[in-house]
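Colleague: First, the structure itself, so that you have it in front of you.
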Amino acid sequence: MDDEVIEGLLFLKPNGIPLDNLQDRNIQEIIDRLNEKYKDTVLWITVKNNHLIMEIKPNYVDRIAKYYENRELSDKQLKIIGAIKVHGKIPRSEATRKLSKEEFLELMNREFIRVEKIGRREFLVLGPGYDQYFRDRNAKN
C-alpha cells in the first residue's frame, strides 16, 4: 500500500487504519512523510489506540470546534426528516408543532431542512446537510 492510498483511507476512515494492516510498512516513516506534506495545514497524522489516524492539530481544535456540531439528532427530529424524505415536503406548521424551537432551529442551522414557499404556505424540504450527514454516517458503517 503506497502513501497515497494510506492518505486516502485516513481521510475516509474517521477511526483510522489498524496498525496490523500496515505490518509490512515502517509506521514512523509513513507518519513523517505525510506530516511533512501536511506541515502547513490544520491536519496531522498520528497513532492512537493502535490505529494510524488523521486528525486536527491540537492548536486548532478550539477554533474549529465552535463550528462543528457533533450532537446526535433527536427521535422527533429524525421523524420530521423521515416524513420529508417520504413525502418530498411537509407543511412548516407540522414540524413546528412537533419540535421545540431549538430542535427546529438546529435542523435549519445544520441545513437538514430548508423552507420553500408555495403560494402563501411554507413547506419544508430536505437541505444539503441531510445528504452530507447521512452519506458520512453510512460511510462509517
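Chain identifiers are assigned as A, B, and so on, following the order in which chains appear in the C-alpha cells; residues are numbered from 1 within each chain, and ligands are numbered from 1 in order of appearance.
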Can you list, as a PyMOL selection string, every protein, DNA or RNA residue that comes within 12 Å of Ser74 of chain A when you count only C-alpha atoms, leaving out same-chain residues fewer than 6 positions away?
Modeller: chain A and resi 80-81+98-100+102-104+106-107
Colleague: Generate the output file for the selected residues, C-alpha atoms, as a CSV table (one decimal), in the first residue's frame.
Modeller:
chain,number,residue,atom,x,y,z
A,80,ILE,CA,-39.6,15.0,10.7
A,81,ILE,CA,-36.7,14.3,8.4
A,98,LYS,CA,-43.9,18.6,16.9
A,99,LEU,CA,-40.4,20.1,17.5
A,100,SER,CA,-39.2,22.5,20.1
A,102,GLU,CA,-34.3,24.7,19.5
A,103,GLU,CA,-34.8,21.4,17.7
A,104,PHE,CA,-36.3,23.2,14.7
A,106,GLU,CA,-30.9,23.1,14.8
A,107,LEU,CA,-32.3,21.4,11.7
Colleague: Leaving out segment 26-35 of chain A and any residue of its chain fewer than 5 positions from it, which residues lie within 8 Å of it when counting only C-alpha atoms, given as number ranges by chain?
Modeller: A: 3, 7, 19, 44-46
Colleague: Please run DSSP on the backbone and report, as an NGL selection string, all residues within segment 16-118 of chain A that come out as helix (DSSP H, G or I).
Modeller: :A and (19-22 or 27-37 or 58-65 or 75-87 or 92-98 or 101-109)
Colleague: Restricting it to N, CA and C atoms, dump the selection as a compact mmCIF listing (two decimals), in the first residue's frame.
Modeller:
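Okay, this is what ended up in again.txt:
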# COMPACT_ATOMS: atom_id res chain seq x y z
N LEU A 19 -3.04 -0.64 12.86
CA LEU A 19 -1.61 -0.83 12.57
C LEU A 19 -1.32 -2.22 12.04
N ASP A 20 -2.13 -3.20 12.43
CA ASP A 20 -1.95 -4.57 11.93
C ASP A 20 -2.06 -4.62 10.41
N ASN A 21 -2.84 -3.71 9.82
CA ASN A 21 -2.99 -3.69 8.36
C ASN A 21 -1.77 -3.11 7.66
N LEU A 22 -0.85 -2.54 8.44
CA LEU A 22 0.34 -1.90 7.88
C LEU A 22 1.62 -2.60 8.33
N ILE A 27 5.90 2.39 10.11
CA ILE A 27 4.85 3.34 10.51
C ILE A 27 5.43 4.74 10.71
N GLN A 28 6.56 4.83 11.39
CA GLN A 28 7.13 6.16 11.66
C GLN A 28 7.51 6.87 10.37
N GLU A 29 8.00 6.15 9.38
CA GLU A 29 8.33 6.77 8.10
C GLU A 29 7.08 7.30 7.40
N ILE A 30 6.00 6.53 7.46
CA ILE A 30 4.72 6.97 6.86
C ILE A 30 4.26 8.26 7.55
N ILE A 31 4.28 8.24 8.88
CA ILE A 31 3.86 9.41 9.65
C ILE A 31 4.71 10.63 9.28
N ASP A 32 6.02 10.44 9.23
CA ASP A 32 6.92 11.56 8.92
C ASP A 32 6.66 12.12 7.52
N ARG A 33 6.52 11.24 6.52
CA ARG A 33 6.29 11.71 5.15
C ARG A 33 4.96 12.46 5.03
N LEU A 34 3.91 11.88 5.60
CA LEU A 34 2.60 12.52 5.48
C LEU A 34 2.54 13.82 6.30
N ASN A 35 3.16 13.84 7.47
CA ASN A 35 3.16 15.07 8.26
C ASN A 35 3.96 16.17 7.59
N GLU A 36 5.00 15.81 6.86
CA GLU A 36 5.74 16.81 6.09
C GLU A 36 4.82 17.44 5.04
N LYS A 37 4.00 16.61 4.43
CA LYS A 37 3.05 17.08 3.43
C LYS A 37 2.00 18.01 4.06
N PRO A 58 -3.73 19.85 17.56
CA PRO A 58 -4.29 20.33 18.83
C PRO A 58 -4.45 21.85 18.94
N ASN A 59 -3.54 22.62 18.37
CA ASN A 59 -3.64 24.07 18.49
C ASN A 59 -4.77 24.68 17.65
N TYR A 60 -5.44 23.87 16.82
CA TYR A 60 -6.56 24.36 16.01
C TYR A 60 -7.91 23.86 16.53
N VAL A 61 -7.92 22.90 17.43
CA VAL A 61 -9.17 22.25 17.85
C VAL A 61 -10.19 23.26 18.38
N ASP A 62 -9.80 24.13 19.29
CA ASP A 62 -10.76 25.08 19.87
C ASP A 62 -11.35 26.01 18.82
N ARG A 63 -10.52 26.44 17.89
CA ARG A 63 -11.01 27.36 16.85
C ARG A 63 -11.98 26.68 15.90
N ILE A 64 -11.82 25.39 15.67
CA ILE A 64 -12.68 24.66 14.75
C ILE A 64 -13.92 24.12 15.45
N ALA A 65 -13.79 23.74 16.71
CA ALA A 65 -14.89 23.11 17.44
C ALA A 65 -16.15 23.95 17.47
N ASP A 75 -35.14 11.80 18.32
CA ASP A 75 -36.12 10.97 17.61
C ASP A 75 -37.14 11.83 16.88
N LYS A 76 -37.57 12.92 17.51
CA LYS A 76 -38.54 13.81 16.86
C LYS A 76 -37.94 14.44 15.61
N GLN A 77 -36.68 14.86 15.69
CA GLN A 77 -36.04 15.44 14.51
C GLN A 77 -35.93 14.41 13.39
N LEU A 78 -35.56 13.18 13.75
CA LEU A 78 -35.44 12.12 12.74
C LEU A 78 -36.80 11.81 12.11
N LYS A 79 -37.87 11.85 12.91
CA LYS A 79 -39.21 11.59 12.35
C LYS A 79 -39.61 12.67 11.35
N ILE A 80 -39.31 13.93 11.66
CA ILE A 80 -39.62 15.02 10.74
C ILE A 80 -38.82 14.85 9.44
N ILE A 81 -37.53 14.56 9.58
CA ILE A 81 -36.69 14.35 8.39
C ILE A 81 -37.22 13.17 7.58
N GLY A 82 -37.61 12.09 8.27
CA GLY A 82 -38.17 10.92 7.58
C GLY A 82 -39.45 11.25 6.83
N ALA A 83 -40.33 12.05 7.45
CA ALA A 83 -41.57 12.45 6.79
C ALA A 83 -41.28 13.26 5.53
N ILE A 84 -40.31 14.15 5.62
CA ILE A 84 -39.94 14.95 4.44
C ILE A 84 -39.36 14.04 3.36
N LYS A 85 -38.53 13.08 3.75
CA LYS A 85 -37.93 12.16 2.78
C LYS A 85 -39.00 11.36 2.06
N VAL A 86 -40.01 10.91 2.80
CA VAL A 86 -41.07 10.08 2.21
C VAL A 86 -42.00 10.92 1.32
N HIS A 87 -42.41 12.10 1.82
CA HIS A 87 -43.41 12.90 1.12
C HIS A 87 -42.83 13.97 0.21
N ARG A 92 -44.61 23.54 7.06
CA ARG A 92 -43.76 24.01 8.15
C ARG A 92 -44.47 23.90 9.49
N SER A 93 -45.77 24.18 9.50
CA SER A 93 -46.55 24.15 10.73
C SER A 93 -46.52 22.76 11.39
N GLU A 94 -46.45 21.71 10.58
CA GLU A 94 -46.39 20.35 11.13
C GLU A 94 -45.11 20.15 11.95
N ALA A 95 -44.01 20.63 11.43
CA ALA A 95 -42.74 20.49 12.14
C ALA A 95 -42.69 21.37 13.38
N THR A 96 -43.20 22.59 13.28
CA THR A 96 -43.13 23.49 14.43
C THR A 96 -44.07 23.04 15.55
N ARG A 97 -45.11 22.29 15.23
CA ARG A 97 -45.97 21.71 16.28
C ARG A 97 -45.27 20.56 17.01
N LYS A 98 -44.45 19.82 16.29
CA LYS A 98 -43.86 18.59 16.85
C LYS A 98 -42.48 18.80 17.45
N LYS A 101 -38.54 24.79 19.63
CA LYS A 101 -37.91 25.84 18.82
C LYS A 101 -36.45 25.51 18.57
N GLU A 102 -35.74 25.02 19.61
CA GLU A 102 -34.31 24.69 19.49
C GLU A 102 -34.09 23.55 18.50
N GLU A 103 -34.96 22.52 18.57
CA GLU A 103 -34.82 21.38 17.65
C GLU A 103 -35.04 21.83 16.21
N PHE A 104 -36.04 22.66 16.00
CA PHE A 104 -36.32 23.16 14.66
C PHE A 104 -35.16 24.00 14.13
N LEU A 105 -34.68 24.93 14.96
CA LEU A 105 -33.57 25.78 14.55
C LEU A 105 -32.30 24.98 14.27
N GLU A 106 -32.08 23.93 15.05
CA GLU A 106 -30.90 23.09 14.80
C GLU A 106 -30.98 22.46 13.42
N LEU A 107 -32.15 21.95 13.05
CA LEU A 107 -32.29 21.36 11.71
C LEU A 107 -32.07 22.40 10.62
N MET A 108 -32.55 23.61 10.86
CA MET A 108 -32.35 24.69 9.88
C MET A 108 -30.87 25.10 9.82
N ASN A 109 -30.25 25.30 10.98
CA ASN A 109 -28.86 25.75 11.02
C ASN A 109 -27.89 24.72 10.46
Colleague: Please list as a list of chain:residue names every residue within 6 Å of Leu52 of chain A, counting only C-alpha atoms and excluding residues in the same chain fewer than 3 positions away.
Modeller: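 Within the cut-off, the hits are A:Gly16, A:Ile17, A:Thr46, A:Val47.
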Colleague: Keeping only N, CA and C atoms, write those residues as a PDB file, in the first residue's frame.
Modeller:
ATOM      1  N   GLY A  16      -9.522   5.553  11.626  1.00  0.00           N
ATOM      2  CA  GLY A  16      -8.167   5.262  11.216  1.00  0.00           C
ATOM      3  C   GLY A  16      -7.961   3.869  10.651  1.00  0.00           C
ATOM      4  N   ILE A  17      -6.696   3.549  10.456  1.00  0.00           N
ATOM      5  CA  ILE A  17      -6.297   2.256   9.899  1.00  0.00           C
ATOM      6  C   ILE A  17      -5.600   1.466  11.004  1.00  0.00           C
ATOM      7  N   THR A  46      -1.103  10.690  13.189  1.00  0.00           N
ATOM      8  CA  THR A  46      -0.568  10.179  14.448  1.00  0.00           C
ATOM      9  C   THR A  46      -1.122   8.780  14.708  1.00  0.00           C
ATOM     10  N   VAL A  47      -0.666   8.177  15.798  1.00  0.00           N
ATOM     11  CA  VAL A  47      -1.156   6.857  16.191  1.00  0.00           C
ATOM     12  C   VAL A  47      -1.940   7.006  17.491  1.00  0.00           C
TER      13      VAL A  47
END
Colleague: If you measure from atom CA of Val115 of chain A to atom CA of Gly129 of chain A, what distance in Å do you get, rounded to one decimal?
Modeller: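 These two atoms are separated by 13.5 Å.
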Colleague: Assign secondary structure with DSSP using the backbone only, and return the residues of segment 9-67 of chain A in strand (DSSP E or B) as a ChimeraX atom specification.
Modeller: /A:17-18,43-48,51-56
Colleague: Selected residues, C-alpha atoms, written as a tab-separated table (two decimals), in the first residue's frame, please.
Modeller:
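The new file again02.tsv reads:
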chain	number	residue	atom	x	y	z
A	17	ILE	CA	-6.30	2.26	9.90
A	18	PRO	CA	-5.39	-0.57	12.31
A	43	LEU	CA	-4.16	18.25	9.81
A	44	TRP	CA	-1.61	15.80	11.09
A	45	ILE	CA	-1.11	12.03	11.17
A	46	THR	CA	-0.57	10.18	14.45
A	47	VAL	CA	-1.16	6.86	16.19
A	48	LYS	CA	-3.99	6.43	18.70
A	51	HIS	CA	-4.61	2.92	14.74
A	52	LEU	CA	-2.99	5.33	12.31
A	53	ILE	CA	-5.31	8.35	12.18
A	54	MET	CA	-5.64	11.76	10.58
A	55	GLU	CA	-6.82	14.47	12.95
A	56	ILE	CA	-6.84	18.19	13.56
